[in-house]
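File shown: query23.txt (compact mmCIF, C-alpha atoms).
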```
# COMPACT_ATOMS: atom_id res chain seq x y z
CA MET A 20 0.00 0.00 0.00
CA SER A 21 2.67 2.45 1.10
CA GLN A 22 4.88 1.24 -1.70
CA GLN A 23 2.32 2.26 -4.30
CA LEU A 24 1.96 5.55 -2.49
CA VAL A 25 5.69 6.14 -2.65
CA GLU A 26 5.82 5.20 -6.33
CA GLN A 27 3.01 7.60 -7.14
CA CYS A 28 4.71 10.31 -5.10
CA GLN A 29 7.85 9.67 -7.12
CA ARG A 30 5.80 10.37 -10.24
CA GLY A 31 4.62 13.65 -8.69
CA ASN A 32 1.05 12.56 -8.02
CA ALA A 33 -0.49 15.25 -5.78
CA PHE A 34 -3.20 12.92 -4.51
CA ALA A 35 -0.60 10.41 -3.32
CA GLN A 36 1.38 13.18 -1.70
CA LYS A 37 -1.71 14.25 0.23
CA ARG A 38 -2.32 10.68 1.38
CA LEU A 39 1.27 10.27 2.52
CA PHE A 40 1.06 13.58 4.35
CA ASP A 41 -2.15 12.57 6.11
CA GLN A 42 -0.62 9.25 7.09
CA TYR A 43 2.42 10.70 8.82
CA ALA A 44 1.61 14.34 9.67
CA ASN A 45 0.43 13.83 13.26
CA ARG A 46 3.21 11.41 14.17
CA LEU A 47 5.87 13.64 12.71
CA PHE A 48 4.35 16.69 14.32
CA ARG A 49 4.95 15.06 17.69
CA VAL A 50 8.55 14.37 16.72
CA SER A 51 9.03 17.96 15.70
CA LEU A 52 7.42 19.25 18.88
CA ARG A 53 9.87 17.29 21.01
CA TYR A 54 12.73 19.40 19.63
CA VAL A 55 11.43 22.93 19.23
CA ARG A 56 9.87 25.29 21.75
CA ASN A 57 6.33 25.72 20.51
CA GLU A 58 3.75 24.53 17.99
CA PRO A 59 4.22 27.22 15.31
CA GLU A 60 7.90 26.35 15.14
CA ALA A 61 7.03 22.66 15.03
CA GLU A 62 4.66 23.29 12.12
CA GLU A 63 7.33 25.26 10.32
CA VAL A 64 9.81 22.42 10.78
CA LEU A 65 7.25 19.86 9.65
CA MET A 66 6.39 21.81 6.53
CA SER A 67 9.99 22.20 5.42
CA ALA A 68 10.58 18.53 6.22
CA PHE A 69 7.69 17.41 4.01
CA LEU A 70 8.87 19.69 1.24
CA LYS A 71 12.30 18.15 1.43
CA ALA A 72 10.85 14.66 1.56
CA PHE A 73 8.66 15.10 -1.52
CA ARG A 74 11.50 16.68 -3.46
CA GLY A 75 13.90 13.92 -2.51
CA ILE A 76 11.55 10.96 -2.68
CA ASP A 77 12.95 9.98 -6.10
CA ALA A 78 16.12 8.84 -4.35
CA PHE A 79 14.24 6.89 -1.71
CA MET A 80 14.21 3.09 -2.05
CA TYR A 81 11.13 1.60 -0.46
CA ARG A 82 11.68 -1.59 1.55
CA ASP A 83 8.96 -1.54 4.18
CA ASP A 84 6.75 0.87 6.11
CA ASN A 85 9.22 1.10 8.98
CA GLY A 86 11.92 2.21 6.59
CA LEU A 87 9.66 4.88 5.17
CA GLU A 88 8.76 6.21 8.60
CA ALA A 89 12.38 6.14 9.74
CA TRP A 90 13.37 8.09 6.63
CA LEU A 91 10.69 10.70 7.26
CA ARG A 92 11.60 10.93 10.96
CA ARG A 93 15.21 11.51 10.11
CA ILE A 94 14.29 14.34 7.77
CA VAL A 95 12.15 15.94 10.48
CA VAL A 96 14.90 15.62 13.08
CA ASN A 97 17.47 17.12 10.73
CA GLU A 98 15.13 19.96 9.92
CA ALA A 99 14.48 20.56 13.62
CA LEU A 100 18.19 20.68 14.37
CA GLN A 101 18.71 23.04 11.47
CA HIS A 102 15.91 25.21 12.79
CA LEU A 103 17.47 25.28 16.26
CA ARG A 104 20.83 26.16 14.80
CA ALA A 105 19.43 28.87 12.54
CA ASN A 106 17.44 30.51 15.33
CA ARG A 107 20.25 30.15 17.86
CA HIS A 108 18.02 28.11 20.12
CA LEU A 109 20.65 25.50 20.69
CA PRO A 110 21.94 25.94 24.22
CA LEU A 111 25.38 27.14 25.04
CA PHE A 112 27.23 24.24 26.51
CA HIS A 113 29.45 25.46 29.31
CA ALA A 114 32.92 24.16 29.84
CA ASP A 115 32.10 22.84 33.30
CA ASP A 116 29.55 20.48 31.71
CA ASP A 117 32.43 18.31 30.57
CA ALA A 118 33.73 18.00 34.10
CA ASP A 119 30.48 16.63 35.44
CA VAL A 120 30.61 13.03 36.47
CA VAL A 121 27.96 10.81 34.99
CA PRO A 122 25.98 9.28 37.88
CA ASP A 123 26.27 5.55 38.21
CA VAL A 124 22.68 4.96 39.21
CA VAL A 125 19.78 6.42 37.25
CA PRO A 126 16.41 5.55 38.65
CA LEU A 127 13.71 5.12 36.06
CA PRO A 128 10.01 4.63 36.56
CA ASP A 129 8.36 1.27 36.33
CA ALA A 130 6.28 0.26 33.39
CA GLY A 131 2.73 1.49 33.28
CA LEU A 132 3.61 5.14 33.11
CA ASP A 133 1.37 7.18 30.87
CA ALA A 134 3.03 7.81 27.51
CA GLU A 135 1.50 11.24 27.21
CA ARG A 136 2.94 12.15 30.60
CA ILE A 137 6.41 11.02 29.61
CA TYR A 138 6.09 12.95 26.35
CA ALA A 139 5.08 16.10 28.23
CA LEU A 140 7.96 15.73 30.69
CA ILE A 141 10.48 15.37 27.87
CA ARG A 142 9.17 18.59 26.36
CA GLU A 143 9.67 20.27 29.72
CA LEU A 144 13.39 19.54 29.74
CA PRO A 145 15.81 22.42 29.09
CA PRO A 146 16.71 22.68 25.38
CA GLY A 147 20.21 21.25 25.68
CA TYR A 148 19.15 18.29 27.79
CA ARG A 149 16.11 17.69 25.66
CA THR A 150 17.97 17.74 22.36
CA VAL A 151 20.63 15.29 23.50
CA PHE A 152 18.07 13.06 25.24
CA ASN A 153 15.85 12.98 22.15
CA LEU A 154 18.73 12.20 19.85
CA TYR A 155 20.30 9.54 22.03
CA ALA A 156 17.47 7.83 23.89
CA ILE A 157 14.70 8.07 21.29
CA GLU A 158 16.27 8.45 17.84
CA GLY A 159 19.18 6.16 18.59
CA TYR A 160 22.06 8.45 17.64
CA THR A 161 25.49 7.75 19.11
CA HIS A 162 27.35 10.33 21.16
CA ARG A 163 29.76 10.81 18.29
CA GLU A 164 26.90 11.59 15.90
CA ILE A 165 25.32 13.94 18.42
CA ALA A 166 28.63 15.71 18.92
CA GLU A 167 28.94 16.19 15.15
CA GLN A 168 25.38 17.39 14.72
CA LEU A 169 25.44 19.85 17.62
CA ARG A 170 29.13 20.73 17.28
CA ILE A 171 29.94 19.80 20.84
CA SER A 172 32.30 17.30 22.39
CA GLU A 173 31.28 13.74 23.07
CA ASN A 174 31.76 14.26 26.81
CA THR A 175 29.39 17.22 26.74
CA SER A 176 26.82 15.04 25.02
CA LYS A 177 27.23 12.37 27.69
CA SER A 178 26.92 14.80 30.57
CA GLN A 179 23.85 16.44 29.03
CA LEU A 180 22.25 13.05 28.69
CA SER A 181 22.89 12.04 32.30
CA LYS A 182 21.56 15.37 33.53
CA ALA A 183 18.46 14.95 31.44
CA ARG A 184 17.86 11.52 32.88
CA ALA A 185 18.38 12.73 36.44
CA LEU A 186 15.98 15.60 35.94
CA LEU A 187 13.36 13.34 34.40
CA GLN A 188 13.67 10.95 37.31
CA SER A 189 13.23 13.69 39.88
CA TRP A 190 10.12 14.98 38.10
CA LEU A 191 8.68 11.52 37.94
CA LEU A 192 9.27 11.09 41.66
CA GLN A 193 7.50 14.35 42.31
CA ASN A 194 4.58 13.03 40.30
CA GLY A 195 4.39 10.00 42.56
CA TYR A 196 5.66 7.37 40.17
CA GLU A 197 7.49 4.42 41.64
CA THR A 198 11.05 3.95 40.52
CA GLU A 199 13.47 1.13 40.36
CA ASN A 200 17.19 1.54 40.29
CA ARG A 201 18.98 0.54 37.10
CA ARG A 202 22.66 0.65 36.49
CA ASN A 203 23.48 3.14 33.86
CA ALA A 204 27.18 2.79 33.29
CA MET B 166 34.46 8.79 31.68
CA ALA B 167 33.98 6.45 28.78
CA MET B 168 30.42 5.48 28.04
CA LYS B 169 29.39 1.92 27.40
CA PRO B 170 26.50 2.21 24.96
CA LYS B 171 25.02 -1.22 25.56
CA THR B 172 24.70 -0.95 29.34
CA ASP B 173 21.98 1.71 29.28
CA GLU B 174 20.05 0.15 26.44
CA THR B 175 17.26 -1.03 28.71
CA PRO B 176 16.02 2.36 30.03
CA ASP B 177 16.30 3.97 26.61
CA GLU B 178 14.48 1.09 25.04
CA TRP B 179 11.79 1.42 27.69
CA ILE B 180 11.27 5.12 26.94
CA ARG B 181 11.23 4.43 23.22
CA GLN B 182 8.58 1.76 23.63
CA THR B 183 6.51 4.00 25.88
CA LEU B 184 6.57 6.81 23.36
CA SER B 185 5.66 4.44 20.54
CA GLN B 186 2.36 3.84 22.31
CA LEU B 187 1.38 7.45 21.72
CA PRO B 188 -1.78 7.82 19.68
CA ASP B 189 -1.54 8.95 16.06
CA ALA B 190 -2.97 12.34 16.87
CA PRO B 191 -1.69 15.74 17.94
CA PRO B 192 -0.89 16.14 21.65
CA PRO B 193 -3.85 17.01 23.91
CA GLY B 194 -4.63 20.69 23.81
CA SER B 195 -2.70 21.21 20.56
CA SER B 196 -4.04 23.47 17.83
CA PHE B 197 -2.25 21.57 15.06
CA ASP B 198 -4.38 21.19 11.96
CA PRO B 199 -2.91 18.98 9.20
CA GLU B 200 -5.31 20.36 6.58
CA ARG B 201 -4.18 23.89 7.20
CA LEU B 202 -0.55 22.84 6.92
CA TRP B 203 -1.29 20.96 3.68
CA ALA B 204 -2.93 24.05 2.25
CA GLN B 205 0.29 25.94 2.89
CA LEU B 206 2.43 23.11 1.58
CA ARG B 207 0.61 22.38 -1.67
CA PRO B 208 1.46 25.58 -3.60
CA GLU B 209 5.12 25.10 -2.84
CA LEU B 210 4.98 21.49 -3.98
CA GLN B 211 3.44 22.46 -7.30
CA GLN B 212 6.39 24.69 -8.11
CA THR B 213 8.82 21.83 -7.76
CA PRO B 214 8.16 19.78 -10.96
CA VAL B 215 8.38 22.84 -13.19
CA ARG B 216 11.78 23.69 -11.81
CA ARG B 217 12.92 20.11 -12.16
CA ARG B 218 11.65 19.82 -15.73
CA ILE B 219 13.50 22.97 -16.71
CA GLY B 220 16.63 21.65 -15.09
CA TRP B 221 16.26 18.36 -16.93
CA THR B 222 15.83 20.17 -20.23
CA TRP B 223 18.97 22.15 -19.60
CA TRP B 224 20.88 18.97 -18.89
CA VAL B 225 19.70 17.40 -22.14
CA ALA B 226 20.65 20.49 -24.12
CA ALA B 227 24.07 20.56 -22.52
CA ALA B 228 24.58 16.87 -23.28
CA CYS B 229 23.63 17.37 -26.94
CA LEU B 230 25.96 20.33 -27.25
CA SER B 231 28.87 18.48 -25.70
CA GLY B 232 28.16 15.51 -27.96
CA LEU B 233 28.27 17.72 -31.02
CA ILE B 234 31.54 19.30 -29.91
CA TRP B 235 33.03 15.91 -29.17
CA SER B 236 32.01 14.49 -32.52
CA TRP B 237 33.43 17.53 -34.30
CA PHE B 238 36.77 17.00 -32.58
CA ALA B 239 36.68 13.30 -33.36
CA TRP B 240 35.92 13.98 -37.01
CA ASN B 241 38.79 16.42 -37.36
CA GLN B 242 41.36 14.12 -35.80
CA PRO B 243 44.19 13.91 -38.40
CA ASN B 244 45.38 10.41 -37.42
CA SER B 245 42.10 8.74 -36.86
CA THR B 246 42.41 4.98 -37.10
CA GLN B 247 39.25 4.41 -38.98
CA LYS B 248 38.91 1.18 -40.86
CA GLN B 249 38.92 1.50 -44.58
CA VAL B 250 35.73 0.71 -46.31
CA ALA B 251 35.98 -2.48 -48.30
CA THR B 252 34.78 -0.78 -51.45
CA TYR B 253 36.96 1.39 -53.58
CA GLN B 254 35.90 3.63 -56.37
CA PHE B 255 37.70 3.48 -59.64
CA LYS B 256 37.61 6.32 -62.04
CA ARG B 257 38.44 5.25 -65.52
CA LYS B 258 39.32 7.83 -68.02
CA VAL B 259 38.43 6.51 -71.45
CA VAL B 260 39.49 8.39 -74.49
CA THR B 261 37.18 7.98 -77.42
CA PRO B 262 38.16 8.86 -80.99
CA ALA B 263 35.02 10.87 -81.52
CA GLN B 264 35.94 13.12 -78.70
CA LYS B 265 38.85 15.44 -78.32
CA PRO B 266 41.66 14.29 -76.09
CA ASP B 267 40.80 16.81 -73.39
CA SER B 268 37.17 15.72 -73.23
CA GLU B 269 37.43 12.47 -71.38
CA VAL B 270 34.60 10.32 -70.26
CA GLU B 271 34.70 9.18 -66.66
CA PHE B 272 33.09 6.02 -65.43
CA THR B 273 32.79 5.40 -61.77
CA THR B 274 32.18 1.94 -60.48
CA SER B 275 32.13 0.52 -57.00
CA LYS B 276 33.29 -3.02 -56.59
CA PRO B 277 33.99 -5.05 -53.51
CA ILE B 278 37.67 -5.78 -53.32
CA PHE B 279 37.44 -9.37 -52.16
CA ALA B 280 35.22 -10.41 -55.02
CA VAL B 281 38.10 -10.45 -57.50
CA LYS B 282 40.73 -12.06 -55.34
CA SER B 283 40.39 -15.39 -57.12
CA GLN B 284 41.48 -14.12 -60.55
CA PRO B 285 44.38 -15.88 -62.32
CA LYS B 286 47.79 -14.90 -61.12
CA LYS B 287 49.19 -14.27 -64.55
CA GLN B 288 46.77 -11.39 -64.99
CA ARG B 289 47.87 -9.67 -61.84
CA LYS B 290 50.15 -6.79 -62.15
CA TYR B 291 52.24 -6.13 -59.08
CA SER B 292 53.57 -2.70 -58.63
CA THR B 293 55.29 -1.69 -55.45
CA ASP B 294 55.31 2.03 -55.94
CA GLN B 295 51.72 2.40 -56.91
CA PRO B 296 49.93 4.94 -54.74
CA THR B 297 47.02 3.80 -52.65
CA ALA B 298 44.85 6.54 -54.02
CA SER B 299 41.72 5.16 -55.53
CA THR B 300 41.80 7.14 -58.76
CA GLN B 301 43.64 5.49 -61.64
CA SER B 302 43.78 6.42 -65.26
CA ILE B 303 43.63 3.76 -67.91
CA ASP B 304 43.85 4.53 -71.60
CA VAL B 305 42.06 1.95 -73.66
CA ALA B 306 41.31 1.28 -77.27
CA PRO B 307 38.98 3.55 -79.21
CA ALA B 308 35.30 2.87 -79.07
CA THR B 309 32.27 4.41 -80.61
CA SER B 310 30.27 5.24 -77.53
CA PRO B 311 30.90 5.37 -73.79
CA ALA B 312 28.68 2.34 -73.23
CA GLU B 313 30.60 0.37 -75.82
CA THR B 314 33.82 1.56 -74.36
CA LEU B 315 32.81 0.27 -70.98
CA ALA B 316 31.71 -3.02 -72.48
CA THR B 317 34.96 -3.53 -74.37
CA LEU B 318 37.18 -2.72 -71.45
CA PRO B 319 39.85 -5.37 -71.04
CA ASP B 320 38.99 -7.24 -67.90
CA ALA B 321 42.56 -8.20 -67.30
CA VAL B 322 43.63 -4.64 -66.85
CA THR B 323 40.72 -3.91 -64.56
CA VAL B 324 41.37 -6.97 -62.49
CA ALA B 325 45.01 -6.18 -62.31
CA ASN B 326 44.27 -2.78 -60.90
CA VAL B 327 41.79 -4.12 -58.43
CA ALA B 328 44.18 -6.83 -57.38
CA THR B 329 46.86 -4.25 -56.76
CA ILE B 330 44.54 -2.39 -54.45
CA ALA B 331 43.62 -5.62 -52.72
CA GLU B 332 47.27 -6.33 -52.05
CA LYS B 333 47.62 -2.90 -50.50
CA LEU B 334 44.52 -3.16 -48.31
CA PRO B 335 46.02 -4.71 -45.16
CA GLU B 336 48.54 -1.90 -44.84
CA PRO B 337 47.67 0.80 -42.31
CA PRO B 338 46.25 3.92 -43.86
CA LYS B 339 48.89 6.39 -44.86
CA PRO B 340 48.52 10.07 -44.07
CA ASN B 341 46.50 11.87 -46.65
CA VAL B 342 49.07 13.26 -49.04
CA ALA B 343 46.51 14.94 -51.21
CA ARG B 344 45.51 17.30 -48.43
CA THR B 345 49.02 18.67 -47.96
CA THR B 346 49.96 21.38 -50.36
CA SER B 347 52.56 20.25 -52.85
CA LYS B 348 55.91 21.89 -52.70
CA ARG B 349 56.79 24.02 -55.61
CA ARG B 350 59.82 22.53 -57.32
CA PHE B 351 60.28 24.87 -60.22
CA LYS B 352 60.23 28.55 -60.47
CA VAL B 353 59.47 30.10 -63.80
CA MET B 354 61.28 33.34 -64.23
CA HIS B 355 62.62 35.55 -66.96
CA GLU B 356 66.17 35.11 -68.11
CA ASN B 357 67.06 38.68 -67.29
CA GLU B 358 65.82 38.22 -63.77
CA LEU B 359 67.93 35.12 -63.41
CA ARG B 360 70.94 36.89 -64.75
CA ALA B 361 70.42 39.78 -62.38
CA GLU B 362 70.06 37.36 -59.56
CA GLU B 363 73.23 35.58 -60.53
CA GLU B 364 75.14 38.82 -60.64
CA ALA B 365 73.79 39.99 -57.33
CA ALA B 366 74.25 36.75 -55.44
CA PRO B 367 77.66 35.45 -54.52
CA GLN B 368 78.89 32.66 -56.78
CA LEU B 369 78.12 29.65 -54.62
CA TYR B 370 77.72 27.20 -57.46
CA HIS B 371 79.08 26.41 -60.84
CA THR B 372 77.06 27.68 -63.68
CA ASP B 373 78.31 24.98 -65.99
CA ASN B 374 75.72 22.68 -64.43
CA PHE B 375 72.94 24.79 -65.89
CA VAL B 376 71.42 24.22 -69.24
CA ARG B 377 69.48 26.87 -71.02
CA MET B 378 66.32 25.89 -72.71
CA GLY B 379 65.19 27.89 -75.66
CA THR B 380 66.95 29.49 -78.62
CA GLY B 381 70.23 30.00 -76.84
CA ARG B 382 70.76 33.38 -78.50
CA ARG B 383 71.34 35.82 -75.73
CA GLU B 384 71.94 39.06 -77.56
CA SER B 385 69.66 38.43 -80.50
CA ASN B 386 66.66 40.53 -81.40
CA VAL B 387 64.18 37.74 -81.04
CA ALA B 388 60.79 38.77 -79.75
CA ASP B 389 60.16 38.43 -76.06
CA SER B 390 57.52 35.83 -76.69
CA ARG B 391 60.13 33.52 -78.19
CA GLN B 392 62.48 33.85 -75.25
CA PRO B 393 62.92 30.77 -73.08
CA THR B 394 60.54 30.75 -70.16
CA LEU B 395 61.88 27.93 -68.07
CA ILE B 396 65.44 27.41 -66.93
CA MET B 397 66.17 24.22 -65.09
CA PRO B 398 69.41 23.25 -63.41
CA LEU B 399 70.81 20.03 -64.75
CA THR B 400 71.68 17.87 -61.81
CA THR B 401 72.29 14.21 -61.45
CA LYS B 402 70.35 13.98 -58.20
CA SER B 403 66.87 12.64 -58.15
CA ASN B 404 64.24 15.29 -57.97
CA GLN B 405 62.89 14.71 -54.50
```

This structure in structure tokens:
Amino acid sequence: MSQQLVEQCQRGNAFAQKRLFDQYANRLFRVSLRYVRNEPEAEEVLMSAFLKAFRGIDAFMYRDDNGLEAWLRRIVVNEALQHLRANRHLPLFHADDDADVVPDVVPLPDAGLDAERIYALIRELPPGYRTVFNLYAIEGYTHREIAEQLRISENTSKSQLSKARALLQSWLLQNGYETENRRNA
Amino acid sequence: MAMKPKTDETPDEWIRQTLSQLPDAPPPGSSFDPERLWAQLRPELQQTPVRRRIGWTWWVAAACLSGLIWSWFAWNQPNSTQKQVATYQFKRKVVTPAQKPDSEVEFTTSKPIFAVKSQPKKQRKYSTDQPTASTQSIDVAPATSPAETLATLPDAVTVANVATIAEKLPEPPKPNVARTTSKRRFKVMHENELRAEEEAAPQLYHTDNFVRMGTGRRESNVADSRQPTLIMPLTTKSNQ
């Protein structure tokens, strides 16, 4: 189904483009909103991402639906990072961030936590923490890739990630969620 | 502190799985409207194919132009190693008695070279210094009409010429001599000019090697039109 949609999009079929947009717009809007500050910026990022996707869909090789979604997600993430860079919303990473020691124990909540609540808490994180946490924990980037994308050192990326986790854990505790200790490193 | 990526896979995987359970809808309280965004997106999408088509057209035009330039260069290569076509043209100049000697009839025939390879050997005429040019002149017996002349052509002579070409065929093509301008070997000048030149120039050679063509009377009152027009040095060297 999606393969035919992609093939028609590659031929420039506007109807197929609309269907592909409808299929992924909400999901990708959530992805975009995890990176930028507010909804108008998220819409702007999503729009430029779809434009880029439709213009570059000729080079895309369809394998399965997961591959298509991963490709679209990657475009949205890259567009979001570009937006943050262009608008100078990326945080200034201080030198003392590198000196921070990554905590050995990071408590995380048990299963059963509301997904919407987790999503909202991630959006509440400071921009630097949030960006690194999104890229590492959710998108699956390595610290090296994050360092290249954000033009920071790998150690800064690691410290930002551990701080993000610690902050998330403290918020979850405040919200009354039970935690269990897991070894992080 | 070095990070071990696999050790914290479990919590990250847990968060990823939790977020994957999110409904396929905007977050609660969001004002996101996909239709509105599509309305903004569509005009920009419609501009894209036009730009791409124009770009494609430019690429095709550039490719054609470069192809033309390349073929022009290839055509004008002086030492191109093109294979010779296996058909030569023979121009036979046949002099008929009814016509004046300067009005010659030309017949042009195209024959495949390998078709006459099996002719008797005694009719072949080997010549080593024969040029590879395809035009050869053959004077044959008088005939009444060009058609008759062509019909009465001695086959042996024709075959001999063709066979000569066939013997030459395997050789690599020589540079086109006809294209190069021939060097001028003789200079036609007036006797007085030559004499003046001789007097002006230092005597670097012996004049006894010269022979004068014409009347030989230097101080006579012969008309200018009767004066010799060509003076050639008599040398024993070959004229090359």

Separation of CA of Leu65 in chain A from CA of Leu103 in chain A in Å
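So the two atoms, CA of Leu103 in chain A and CA of Leu65 in chain A, lie 13.3 Å apart.
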
Report as JSON, numbers by chain the set of chain A residues whose atoms approach chain B to within 7 Å, with distances computed over all atoms listed in the file.
{"A": [44, 45, 46, 49, 66, 70, 134, 135, 138, 156, 157, 203, 204]}

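The shortest atom-to-atom distance to Arg360 in chain B, with only C-alpha atoms taken into account, belongs to B:Arg377 out of B:Leu399, B:Arg377, B:Gly194, B:Trp221.
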
Nearest to Met80 in chain A among A:Gln188, A:Ser21, A:Asn57, A:Asn106, with distances taken over all atoms listed in the file: which residue is it?
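Of A:Gln188, A:Ser21, A:Asn57, A:Asn106, the one nearest Met80 in chain A is A:Ser21, counting all atoms listed in the file.
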
Please, which residues are within 10 Å of (18.3, 16.3, 21.4) by the file's coordinates, counting all atoms listed in the file, and could they come as an MDAnalysis selection string?
chainID A and resid 53:55 96 99:100 109 146:158 160 165 168:169 176 179:180

Writing out the chosen residues with C-alpha atoms as a compact mmCIF listing (two decimals), in the coordinates of the input:
```
# COMPACT_ATOMS: atom_id res chain seq x y z
CA ARG A 53 9.87 17.29 21.01
CA TYR A 54 12.73 19.40 19.63
CA VAL A 55 11.43 22.93 19.23
CA VAL A 96 14.90 15.62 13.08
CA ALA A 99 14.48 20.56 13.62
CA LEU A 100 18.19 20.68 14.37
CA LEU A 109 20.65 25.50 20.69
CA PRO A 146 16.71 22.68 25.38
CA GLY A 147 20.21 21.25 25.68
CA TYR A 148 19.15 18.29 27.79
CA ARG A 149 16.11 17.69 25.66
CA THR A 150 17.97 17.74 22.36
CA VAL A 151 20.63 15.29 23.50
CA PHE A 152 18.07 13.06 25.24
CA ASN A 153 15.85 12.98 22.15
CA LEU A 154 18.73 12.20 19.85
CA TYR A 155 20.30 9.54 22.03
CA ALA A 156 17.47 7.83 23.89
CA ILE A 157 14.70 8.07 21.29
CA GLU A 158 16.27 8.45 17.84
CA TYR A 160 22.06 8.45 17.64
CA ILE A 165 25.32 13.94 18.42
CA GLN A 168 25.38 17.39 14.72
CA LEU A 169 25.44 19.85 17.62
CA SER A 176 26.82 15.04 25.02
CA GLN A 179 23.85 16.44 29.03
CA LEU A 180 22.25 13.05 28.69
```

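The gap separating CA of Leu91 in chain A from CA of Ser67 in chain A is 11.7 Å, in Å to one decimal.
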
Between CA of Glu63 in chain A and CA of Ser172 in chain A - distance in Å to one decimal
28.9 Å
